[in-house]
>>> print(open('final_34.pdb').read())   # PDB, C-alpha atoms
MODEL        1
ATOM      1  CA  MET A   1       1.959  36.889  12.074
ATOM      2  CA  TYR A   2      -1.021  35.902  14.220
ATOM      3  CA  PRO A   3      -1.359  39.347  15.887
ATOM      4  CA  TRP A   4      -1.261  40.847  12.397
ATOM      5  CA  LEU A   5      -4.032  38.452  11.286
ATOM      6  CA  TRP A   6      -6.097  39.249  14.355
ATOM      7  CA  ARG A   7      -5.821  42.984  13.687
ATOM      8  CA  HIS A   8      -6.910  42.617  10.081
ATOM      9  CA  LEU A   9      -9.918  40.399  10.714
ATOM     10  CA  PRO A  10     -13.153  42.375  10.694
ATOM     11  CA  GLY A  11     -15.926  42.612  13.286
ATOM     12  CA  PRO A  12     -16.226  41.868  17.006
ATOM     13  CA  VAL A  13     -14.284  39.156  18.829
ATOM     14  CA  ALA A  14     -16.856  36.434  18.179
ATOM     15  CA  VAL A  15     -16.730  37.006  14.426
ATOM     16  CA  ARG A  16     -12.949  37.053  14.455
ATOM     17  CA  VAL A  17     -12.816  33.753  16.329
ATOM     18  CA  VAL A  18     -15.149  32.168  13.768
ATOM     19  CA  CYS A  19     -12.965  33.569  10.983
ATOM     20  CA  CYS A  20      -9.868  32.091  12.607
ATOM     21  CA  VAL A  21     -11.462  28.653  12.900
ATOM     22  CA  VAL A  22     -12.601  28.737   9.268
ATOM     23  CA  LEU A  23      -9.140  29.828   8.109
ATOM     24  CA  ALA A  24      -7.490  27.075  10.167
ATOM     25  CA  LEU A  25      -9.825  24.429   8.701
ATOM     26  CA  LEU A  26      -9.076  25.769   5.225
ATOM     27  CA  VAL A  27      -5.348  25.437   5.811
ATOM     28  CA  VAL A  28      -5.764  21.858   7.147
ATOM     29  CA  ALA A  29      -7.893  20.971   4.104
ATOM     30  CA  VAL A  30      -5.243  22.282   1.705
ATOM     31  CA  LEU A  31      -2.562  20.339   3.605
ATOM     32  CA  PHE A  32      -4.528  17.048   3.589
ATOM     33  CA  LEU A  33      -5.826  17.309   0.037
ATOM     34  CA  VAL A  34      -2.884  18.867  -1.807
ATOM     35  CA  VAL A  35       0.367  19.174   0.123
ATOM     36  CA  PHE A  36       0.511  15.863   2.019
ATOM     37  CA  PRO A  37      -0.604  13.679  -0.926
ATOM     38  CA  TRP A  38       2.203  15.306  -2.915
ATOM     39  CA  VAL A  39       4.821  14.578  -0.254
ATOM     40  CA  ASP A  40       3.614  11.022   0.491
ATOM     41  CA  PRO A  41       5.014   9.214  -2.605
ATOM     42  CA  ARG A  42       8.412  10.779  -1.931
ATOM     43  CA  LEU A  43       8.792   9.047   1.422
ATOM     44  CA  PRO A  44      11.151   6.068   1.551
ATOM     45  CA  PHE A  45       8.708   3.582   3.079
ATOM     46  CA  ASN A  46       6.543   3.827  -0.030
ATOM     47  CA  HIS A  47       9.269   2.116  -2.068
ATOM     48  CA  VAL A  48       8.158  -1.502  -1.932
ATOM     49  CA  THR A  49       9.016  -2.929  -5.336
ATOM     50  CA  VAL A  50      12.247  -4.125  -6.855
ATOM     51  CA  SER A  51      13.311  -2.191  -9.938
ATOM     52  CA  ARG A  52      16.442  -1.480 -11.898
ATOM     53  CA  SER A  53      16.361   2.198 -10.955
ATOM     54  CA  ALA A  54      16.671   2.474  -7.199
ATOM     55  CA  GLY A  55      14.067   4.653  -5.576
ATOM     56  CA  ALA A  56      11.190   3.811  -7.902
ATOM     57  CA  THR A  57       7.903   2.785  -6.370
TER      58      THR A  57
ATOM     59  CA  MET B  58       9.941  46.905  14.290
ATOM     60  CA  THR B  59      11.243  46.015  17.710
ATOM     61  CA  LEU B  60      13.330  42.992  18.586
ATOM     62  CA  ARG B  61      10.445  41.678  20.666
ATOM     63  CA  THR B  62       8.183  41.617  17.602
ATOM     64  CA  TRP B  63      10.773  39.711  15.593
ATOM     65  CA  VAL B  64      11.359  37.109  18.271
ATOM     66  CA  ARG B  65       7.634  36.623  18.664
ATOM     67  CA  GLY B  66       7.241  36.257  14.896
ATOM     68  CA  VAL B  67       9.970  33.600  14.706
ATOM     69  CA  GLY B  68       8.385  31.745  17.618
ATOM     70  CA  GLU B  69       5.024  31.722  15.888
ATOM     71  CA  VAL B  70       6.540  30.349  12.691
ATOM     72  CA  LEU B  71       8.322  27.572  14.590
ATOM     73  CA  ILE B  72       5.158  26.570  16.438
ATOM     74  CA  THR B  73       3.237  26.582  13.156
ATOM     75  CA  VAL B  74       5.851  24.338  11.512
ATOM     76  CA  GLY B  75       5.599  21.973  14.483
ATOM     77  CA  VAL B  76       1.825  21.786  14.202
ATOM     78  CA  VAL B  77       2.036  21.136  10.442
ATOM     79  CA  LEU B  78       4.556  18.333  11.023
ATOM     80  CA  LEU B  79       2.267  16.754  13.626
ATOM     81  CA  LEU B  80      -0.618  16.995  11.171
ATOM     82  CA  PHE B  81       1.543  15.255   8.562
ATOM     83  CA  VAL B  82       2.326  12.431  10.977
ATOM     84  CA  GLY B  83      -1.413  12.090  11.603
ATOM     85  CA  TYR B  84      -2.030  12.077   7.866
ATOM     86  CA  GLU B  85       0.536   9.321   7.232
ATOM     87  CA  LEU B  86      -0.223   7.081  10.203
ATOM     88  CA  TRP B  87      -3.972   7.438  10.209
ATOM     89  CA  TRP B  88      -5.568   9.108   7.201
ATOM     90  CA  THR B  89      -3.720   7.198   4.418
ATOM     91  CA  ASN B  90      -4.848   3.961   6.086
ATOM     92  CA  VAL B  91      -8.448   5.156   6.395
ATOM     93  CA  VAL B  92      -8.516   5.982   2.680
ATOM     94  CA  ALA B  93      -6.771   2.751   1.657
ATOM     95  CA  ASP B  94      -8.895   0.511   3.897
ATOM     96  CA  ARG B  95     -11.997   2.001   2.335
ATOM     97  CA  ALA B  96     -10.660   1.336  -1.177
ATOM     98  CA  VAL B  97      -9.640  -2.215  -0.212
ATOM     99  CA  ALA B  98     -13.107  -2.973   1.173
ATOM    100  CA  ALA B  99     -14.746  -1.646  -2.001
ATOM    101  CA  GLU B 100     -12.437  -3.662  -4.287
ATOM    102  CA  ARG B 101     -12.972  -6.801  -2.219
ATOM    103  CA  ALA B 102     -16.763  -6.488  -2.270
ATOM    104  CA  GLU B 103     -16.695  -5.925  -6.025
ATOM    105  CA  LEU B 104     -14.398  -8.923  -6.564
ATOM    106  CA  LEU B 105     -16.513 -11.271  -4.434
ATOM    107  CA  ASP B 106     -19.550 -10.054  -6.332
ATOM    108  CA  ARG B 107     -17.809 -10.723  -9.650
ATOM    109  CA  PHE B 108     -16.575 -14.140  -8.469
ATOM    110  CA  GLY B 109     -20.197 -14.991  -7.717
ATOM    111  CA  GLN B 110     -21.177 -14.377 -11.347
ATOM    112  CA  PRO B 111     -20.511 -16.890 -14.113
ATOM    113  CA  PRO B 112     -17.048 -16.365 -15.616
ATOM    114  CA  HIS B 113     -16.523 -14.393 -18.796
ATOM    115  CA  PRO B 114     -16.163 -16.129 -22.200
ATOM    116  CA  SER B 115     -12.555 -17.007 -21.426
ATOM    117  CA  PRO B 116     -12.976 -19.271 -18.395
ATOM    118  CA  ASP B 117      -9.280 -19.866 -17.828
ATOM    119  CA  SER B 118      -8.125 -17.061 -15.567
ATOM    120  CA  ALA B 119      -4.522 -17.835 -16.371
ATOM    121  CA  SER B 120      -4.947 -16.938 -20.032
ATOM    122  CA  SER B 121      -7.475 -14.123 -19.769
ATOM    123  CA  LYS B 122      -6.053 -10.632 -19.999
ATOM    124  CA  VAL B 123      -6.315  -8.385 -16.977
ATOM    125  CA  VAL B 124      -6.602  -4.638 -17.314
ATOM    126  CA  PRO B 125      -3.925  -2.532 -15.561
ATOM    127  CA  GLY B 126      -5.385  -1.064 -12.381
ATOM    128  CA  ASP B 127      -8.073  -3.753 -12.096
ATOM    129  CA  ALA B 128      -8.293  -6.110  -9.140
ATOM    130  CA  PHE B 129      -8.447  -9.707 -10.375
ATOM    131  CA  ALA B 130      -7.795 -11.930  -7.350
ATOM    132  CA  LEU B 131      -7.936 -12.077  -3.570
ATOM    133  CA  MET B 132      -4.922 -13.039  -1.492
ATOM    134  CA  TYR B 133      -5.141 -14.608   1.972
ATOM    135  CA  ILE B 134      -2.155 -14.891   4.318
ATOM    136  CA  PRO B 135      -3.384 -16.382   7.616
ATOM    137  CA  ALA B 136       0.132 -16.186   9.085
ATOM    138  CA  ILE B 137      -0.021 -12.377   9.051
ATOM    139  CA  GLU B 138      -3.430 -12.387  10.650
ATOM    140  CA  ARG B 139      -6.234 -14.949  10.599
ATOM    141  CA  SER B 140      -8.552 -12.632   8.717
ATOM    142  CA  TRP B 141      -5.885 -11.079   6.463
ATOM    143  CA  VAL B 142      -7.213 -10.676   2.925
ATOM    144  CA  ARG B 143      -6.350  -8.164   0.205
ATOM    145  CA  PRO B 144      -7.359  -7.635  -3.422
ATOM    146  CA  VAL B 145      -4.572  -8.217  -5.950
ATOM    147  CA  VAL B 146      -4.505  -5.265  -8.356
ATOM    148  CA  GLU B 147      -2.785  -5.441 -11.742
ATOM    149  CA  GLY B 148       0.202  -3.072 -11.588
ATOM    150  CA  VAL B 149       2.594  -1.717  -8.987
ATOM    151  CA  THR B 150       2.086   2.043  -9.255
ATOM    152  CA  LEU B 151       1.356   3.795  -5.973
ATOM    153  CA  GLU B 152      -2.246   4.156  -7.115
ATOM    154  CA  ASP B 153      -2.523   0.382  -7.646
ATOM    155  CA  LEU B 154      -0.842  -0.335  -4.302
ATOM    156  CA  SER B 155      -3.277   1.909  -2.445
ATOM    157  CA  ARG B 156      -6.152  -0.489  -3.202
ATOM    158  CA  GLY B 157      -4.611  -3.768  -2.104
ATOM    159  CA  VAL B 158      -1.426  -5.491  -3.173
ATOM    160  CA  GLY B 159      -0.004  -5.048  -6.681
ATOM    161  CA  HIS B 160       0.851  -7.676  -9.284
ATOM    162  CA  TYR B 161       4.041  -6.952 -11.220
ATOM    163  CA  PRO B 162       2.945  -6.733 -14.867
ATOM    164  CA  GLN B 163       4.845  -9.176 -17.115
ATOM    165  CA  THR B 164       5.129 -11.733 -14.331
ATOM    166  CA  ALA B 165       3.045 -14.926 -14.272
ATOM    167  CA  MET B 166      -0.600 -14.997 -13.231
ATOM    168  CA  PRO B 167      -1.755 -17.078 -10.238
ATOM    169  CA  GLY B 168      -1.187 -20.789 -10.815
ATOM    170  CA  GLN B 169       0.803 -20.291 -14.013
ATOM    171  CA  VAL B 170       4.244 -21.745 -14.597
ATOM    172  CA  GLY B 171       6.679 -18.978 -13.678
ATOM    173  CA  ASN B 172       6.730 -16.362 -10.981
ATOM    174  CA  PHE B 173       3.528 -14.710  -9.725
ATOM    175  CA  ALA B 174       5.112 -11.588  -8.189
ATOM    176  CA  VAL B 175       3.264  -9.212  -5.893
ATOM    177  CA  ALA B 176       4.293  -6.026  -4.028
ATOM    178  CA  GLY B 177       2.599  -4.359  -1.075
ATOM    179  CA  HIS B 178       3.028  -1.430   1.289
ATOM    180  CA  ARG B 179       4.840  -2.118   4.547
ATOM    181  CA  ALA B 180       3.878   1.149   6.257
ATOM    182  CA  THR B 181       1.005   3.595   5.631
ATOM    183  CA  ASN B 182      -1.439   3.572   2.697
ATOM    184  CA  GLY B 183      -3.216   0.472   3.975
ATOM    185  CA  GLN B 184       0.083  -1.244   4.919
ATOM    186  CA  PRO B 185      -1.000  -4.755   3.795
ATOM    187  CA  PHE B 186       2.490  -6.184   4.323
ATOM    188  CA  ALA B 187       3.177  -4.370   7.619
ATOM    189  CA  TYR B 188       3.682  -7.721   9.347
ATOM    190  CA  LEU B 189       4.979  -9.765   6.418
ATOM    191  CA  ASP B 190       7.967 -10.522   8.645
ATOM    192  CA  ARG B 191       5.683 -12.815  10.688
ATOM    193  CA  VAL B 192       5.414 -15.142   7.708
ATOM    194  CA  THR B 193       7.998 -17.913   7.670
ATOM    195  CA  THR B 194       8.907 -21.000   5.685
ATOM    196  CA  GLY B 195       5.985 -23.397   5.418
ATOM    197  CA  ASP B 196       3.260 -20.767   5.868
ATOM    198  CA  GLN B 197       0.449 -20.578   3.356
ATOM    199  CA  VAL B 198      -0.323 -17.862   0.830
ATOM    200  CA  ILE B 199      -3.728 -18.518  -0.708
ATOM    201  CA  VAL B 200      -4.934 -16.886  -3.916
ATOM    202  CA  GLN B 201      -8.546 -16.893  -5.039
ATOM    203  CA  THR B 202      -9.377 -16.090  -8.658
ATOM    204  CA  GLN B 203     -12.689 -16.221 -10.447
ATOM    205  CA  THR B 204     -12.133 -19.820 -11.426
ATOM    206  CA  ARG B 205      -9.746 -21.400  -8.907
ATOM    207  CA  TRP B 206      -8.110 -21.494  -5.496
ATOM    208  CA  TYR B 207      -4.319 -21.678  -5.411
ATOM    209  CA  VAL B 208      -2.389 -22.578  -2.283
ATOM    210  CA  TYR B 209       1.284 -21.609  -2.164
ATOM    211  CA  ARG B 210       3.678 -22.522   0.605
ATOM    212  CA  VAL B 211       6.524 -20.179   1.532
ATOM    213  CA  THR B 212       9.893 -21.755   0.740
ATOM    214  CA  ASP B 213      12.297 -18.987   1.673
ATOM    215  CA  VAL B 214      12.537 -15.498   3.121
ATOM    216  CA  SER B 215      15.344 -13.108   2.241
ATOM    217  CA  LEU B 216      16.482  -9.494   2.287
ATOM    218  CA  VAL B 217      17.859  -8.083  -0.968
ATOM    219  CA  ALA B 218      18.903  -4.772  -2.514
ATOM    220  CA  PRO B 219      16.099  -2.635  -4.010
ATOM    221  CA  THR B 220      17.648  -3.101  -7.470
ATOM    222  CA  ASP B 221      17.718  -6.909  -7.291
ATOM    223  CA  VAL B 222      15.061  -7.453  -9.966
ATOM    224  CA  ASP B 223      16.113 -11.092 -10.401
ATOM    225  CA  VAL B 224      13.904 -12.034  -7.454
ATOM    226  CA  ILE B 225      10.840 -11.521  -9.660
ATOM    227  CA  ALA B 226      12.336 -13.321 -12.678
ATOM    228  CA  PRO B 227      10.392 -16.420 -13.843
ATOM    229  CA  VAL B 228      13.168 -18.420 -12.204
ATOM    230  CA  PRO B 229      14.356 -16.214  -9.302
ATOM    231  CA  GLY B 230      18.050 -15.499  -9.474
ATOM    232  CA  ASP B 231      18.371 -16.787 -13.021
ATOM    233  CA  PRO B 232      16.662 -14.335 -15.416
ATOM    234  CA  THR B 233      17.560 -16.261 -18.572
ATOM    235  CA  ALA B 234      16.296 -19.664 -17.407
ATOM    236  CA  THR B 235      13.038 -21.156 -18.629
ATOM    237  CA  PRO B 236      10.651 -21.764 -15.725
ATOM    238  CA  ASP B 237       9.143 -25.163 -15.057
ATOM    239  CA  ARG B 238       7.777 -24.481 -11.570
ATOM    240  CA  ARG B 239       4.821 -22.439 -10.341
ATOM    241  CA  ILE B 240       6.058 -20.005  -7.727
ATOM    242  CA  ILE B 241       4.964 -16.854  -5.954
ATOM    243  CA  THR B 242       7.063 -13.879  -4.823
ATOM    244  CA  LEU B 243       6.042 -11.179  -2.352
ATOM    245  CA  THR B 244       8.076  -7.966  -2.058
ATOM    246  CA  THR B 245       7.918  -5.060   0.366
ATOM    247  CA  CYS B 246      10.284  -2.517   1.901
ATOM    248  CA  ASN B 247      12.595  -3.266   4.776
ATOM    249  CA  PRO B 248      13.135  -2.035   7.443
ATOM    250  CA  ARG B 249       9.487  -1.144   7.821
ATOM    251  CA  TRP B 250      10.013   2.631   8.014
ATOM    252  CA  ALA B 251      12.941   2.819   5.599
ATOM    253  CA  SER B 252      13.726   1.532   2.160
ATOM    254  CA  TYR B 253      17.317   0.461   1.852
ATOM    255  CA  GLU B 254      16.374  -3.216   1.529
ATOM    256  CA  ARG B 255      13.501  -5.306   0.221
ATOM    257  CA  LEU B 256      11.908  -8.139   2.175
ATOM    258  CA  ILE B 257      11.348 -11.017  -0.244
ATOM    259  CA  LEU B 258       9.256 -14.150   0.244
ATOM    260  CA  HIS B 259       9.261 -16.963  -2.272
ATOM    261  CA  GLY B 260       6.778 -19.811  -2.283
ATOM    262  CA  ARG B 261       5.710 -22.642  -4.536
ATOM    263  CA  LEU B 262       2.292 -23.882  -5.561
ATOM    264  CA  VAL B 263       1.287 -26.905  -3.531
ATOM    265  CA  SER B 264      -2.345 -27.337  -4.501
ATOM    266  CA  SER B 265      -5.145 -25.926  -6.578
ATOM    267  CA  SER B 266      -8.878 -26.517  -6.600
ATOM    268  CA  PRO B 267     -11.937 -25.215  -8.468
ATOM    269  CA  ALA B 268     -13.498 -22.025  -7.145
ATOM    270  CA  ALA B 269     -16.681 -23.923  -6.301
ATOM    271  CA  ASP B 270     -14.804 -26.110  -3.802
ATOM    272  CA  PRO B 271     -14.729 -25.123  -0.129
ATOM    273  CA  PRO B 272     -12.095 -22.443   0.566
ATOM    274  CA  PRO B 273      -8.715 -24.028   1.415
ATOM    275  CA  ILE B 274      -8.329 -21.516   4.222
ATOM    276  CA  PRO B 275      -7.947 -22.512   7.845
ATOM    277  CA  GLY B 276     -11.205 -21.597   9.526
ATOM    278  CA  GLY B 277     -13.115 -20.914   6.302
ATOM    279  CA  GLY B 278     -13.152 -17.984   3.888
TER     280      GLY B 278
ENDMDL
END
>>> encode(input="final_34.pdb", output="structure tokens")
Amino acid sequence: MYPWLWRHLPGPVAVRVVCCVVLALLVVAVLFLVVFPWVDPRLPFNHVTVSRSAGAT
Amino acid sequence: MTLRTWVRGVGEVLITVGVVLLLFVGYELWWTNVVADRAVAAERAELLDRFGQPPHPSPDSASSKVVPGDAFALMYIPAIERSWVRPVVEGVTLEDLSRGVGHYPQTAMPGQVGNFAVAGHRATNGQPFAYLDRVTTGDQVIVQTQTRWYVYRVTDVSLVAPTDVDVIAPVPGDPTATPDRRIITLTTCNPRWASYERLILHGRLVSSSPAADPPPIPGGG
């Protein structure tokens, strides 16, 4: 997967490295802003209240 | 495609999954607390600012209506940490709990007859009650509203099932009884990184003083 990416990035090595860094930051941003906040409420240690239905917040 | 290419591809995927999992651990242990601490500081500053203003037309905080999602009090628990203070937000949704500790709607307000019940995170998202297990019988829980200080003293600590809603009843353990005492209940998850129990602290009101009086907190406010 990474060799494939490297082959398909345009330009000389320096440009490709910059592209890789930007892509990596983009992926981290999506994880921190979308994926992880979605997973977080589903973790057991976020269940701190008592409620009739087990597993609520 | 050769076998070598396949093996390399699988290896890359596994390493990527590992990195993403590490990032998630960093997100939970560090970033959620950064975000929550920021929100807590903002809510606290706003509350102290509001407490400094003259009260609204309804001066009795016990009878005035609070808006869901709004912080309306500050809670101090010196037994957790000398400087421990958190806003009390109306509601116990995860959004409410990310800005302080959450007041169970329908339960009593601070100082009222009945049960003033509050929940808080034990781990991540600001983790206000991370060390609630340090608090024992006799320790103080102090609540500051716009108009008054309320000092509660912890009377008992227990572990219950997550579905044991009777602990936040006006009279804990007896949901049909009519309350005649002013108590407080704190709930959080137990063990800290799991959720199969709830850590419950009950306390009763021991004193109350006007907001203008010196803070009843050891070492000042």
>>> interface_residues(input="final_34.pdb", of="chain A", to="chain B", cutoff="12 Å", atoms="all atoms listed in the file", output="ChimeraX atom specification")
/A:1-4,24,27-57
>>> residues_near_point(input="final_34.pdb", point="(-10.1, -11.8, -11.2)", cutoff="10 Å", atoms="all atoms listed in the file", output="PyMOL selection string")
chain B and resi 104-105+107-108+112+118-119+121-123+127-131+144-147+167+201-205
>>> resolve_selection(input="final_34.pdb", expression="the PyMOL selection byres ((chain B and resi 207) around 10)", output="PyMOL selection string")
chain B and resi 132+167-168+198-202+205-206+208-209+262-268+272-273
>>> atom_distance(input="final_34.pdb", atom1="CA of Pro162 (chain B)", atom2="CA of Asp94 (chain B)")
23.3 Å
>>> atom_distance(input="final_34.pdb", atom1="CA of Arg238 (chain B)", atom2="CA of Gly171 (chain B)")
6.0 Å
>>> atom_distance(input="final_34.pdb", atom1="CA of Val214 (chain B)", atom2="CA of His259 (chain B)")
6.5 Å
>>> closest_residue(input="final_34.pdb", among="B:Gln197, B:Arg156, B:Leu258, B:Glu103", to="Tyr133 (chain B)", atoms="only C-alpha atoms")
B:Gln197
>>> residues_around(input="final_34.pdb", residues="region 135-137 of chain B", least_positions_apart="2", cutoff="9 Å", atoms="all atoms listed in the file", output="PyMOL selection string")
chain B and resi 133+139-142+186-193+196-199+274-275
>>> resolve_selection(input="final_34.pdb", expression="the PyMOL selection byres ((chain B and resi 212) around 6)", output="ChimeraX atom specification")
/B:194,211,213,259-260
>>> closest_residue(input="final_34.pdb", among="B:Gln110, B:Thr73, B:Ser155, B:Asn172", to="Ala93 (chain B)", atoms="all atoms listed in the file")
B:Ser155
>>> decode(input="final_34.pdb", residues="region 236-245 of chain B", atoms="all heavy atoms", output="tab-separated table (two decimals), in the first residue's frame")
chain	number	residue	atom	x	y	z
B	236	PRO	N	-39.05	12.72	51.18
B	236	PRO	CA	-37.80	13.11	51.84
B	236	PRO	C	-38.04	14.16	52.92
B	236	PRO	O	-38.94	14.99	52.81
B	236	PRO	CB	-36.99	13.71	50.70
B	236	PRO	CG	-38.00	14.20	49.73
B	236	PRO	CD	-39.19	13.28	49.84
B	237	ASP	N	-37.24	14.11	53.97
B	237	ASP	CA	-37.25	15.18	54.95
B	237	ASP	C	-35.83	15.65	55.25
B	237	ASP	O	-35.62	16.54	56.06
B	237	ASP	CB	-37.96	14.74	56.24
B	237	ASP	CG	-37.29	13.54	56.88
B	237	ASP	OD1	-36.41	12.93	56.22
B	237	ASP	OD2	-37.64	13.20	58.02
B	238	ARG	N	-34.85	15.02	54.56
B	238	ARG	CA	-33.46	15.42	54.79
B	238	ARG	C	-32.86	15.99	53.52
B	238	ARG	O	-33.33	15.71	52.41
B	238	ARG	CB	-32.64	14.22	55.27
B	238	ARG	CG	-33.25	13.59	56.50
B	238	ARG	CD	-32.28	12.80	57.32
B	238	ARG	NE	-31.26	12.11	56.56
B	238	ARG	CZ	-30.21	11.53	57.13
B	238	ARG	NH1	-30.05	11.59	58.42
B	238	ARG	NH2	-29.30	10.90	56.40
B	239	ARG	N	-31.82	16.78	53.67
B	239	ARG	CA	-31.12	17.39	52.53
B	239	ARG	C	-29.84	16.61	52.30
B	239	ARG	O	-28.90	16.73	53.09
B	239	ARG	CB	-30.80	18.86	52.85
B	239	ARG	CG	-32.04	19.69	53.15
B	239	ARG	CD	-31.69	20.94	53.94
B	239	ARG	NE	-32.86	21.44	54.63
B	239	ARG	CZ	-33.73	22.29	54.09
B	239	ARG	NH1	-33.54	22.75	52.87
B	239	ARG	NH2	-34.79	22.68	54.76
B	240	ILE	N	-29.81	15.81	51.23
B	240	ILE	CA	-28.64	14.98	51.00
B	240	ILE	C	-28.04	15.23	49.62
B	240	ILE	O	-28.62	15.91	48.76
B	240	ILE	CB	-28.95	13.48	51.20
B	240	ILE	CG1	-29.90	13.00	50.11
B	240	ILE	CG2	-29.52	13.19	52.56
B	240	ILE	CD1	-29.93	11.51	50.01
B	241	ILE	N	-26.86	14.68	49.43
B	241	ILE	CA	-26.16	14.79	48.16
B	241	ILE	C	-25.73	13.38	47.76
B	241	ILE	O	-25.48	12.53	48.62
B	241	ILE	CB	-24.92	15.72	48.28
B	241	ILE	CG1	-24.33	16.03	46.90
B	241	ILE	CG2	-23.85	15.11	49.20
B	241	ILE	CD1	-23.26	17.12	46.94
B	242	THR	N	-25.73	13.11	46.45
B	242	THR	CA	-25.25	11.82	45.95
B	242	THR	C	-24.31	12.06	44.79
B	242	THR	O	-24.63	12.83	43.89
B	242	THR	CB	-26.42	10.93	45.49
B	242	THR	OG1	-27.30	10.70	46.60
B	242	THR	CG2	-25.92	9.58	44.97
B	243	LEU	N	-23.15	11.42	44.82
B	243	LEU	CA	-22.20	11.49	43.71
B	243	LEU	C	-22.10	10.11	43.08
B	243	LEU	O	-22.00	9.12	43.80
B	243	LEU	CB	-20.82	11.94	44.20
B	243	LEU	CG	-20.76	13.22	45.04
B	243	LEU	CD1	-19.32	13.50	45.46
B	243	LEU	CD2	-21.32	14.41	44.27
B	244	THR	N	-22.16	10.04	41.74
B	244	THR	CA	-22.03	8.73	41.08
B	244	THR	C	-20.94	8.80	40.02
B	244	THR	O	-20.76	9.81	39.36
B	244	THR	CB	-23.33	8.28	40.39
B	244	THR	OG1	-23.51	9.01	39.17
B	244	THR	CG2	-24.54	8.47	41.28
B	245	THR	N	-20.21	7.69	39.87
B	245	THR	CA	-19.25	7.57	38.79
B	245	THR	C	-19.04	6.08	38.52
B	245	THR	O	-19.59	5.24	39.22
B	245	THR	CB	-17.92	8.28	39.11
B	245	THR	OG1	-17.14	8.38	37.93
B	245	THR	CG2	-17.11	7.53	40.18
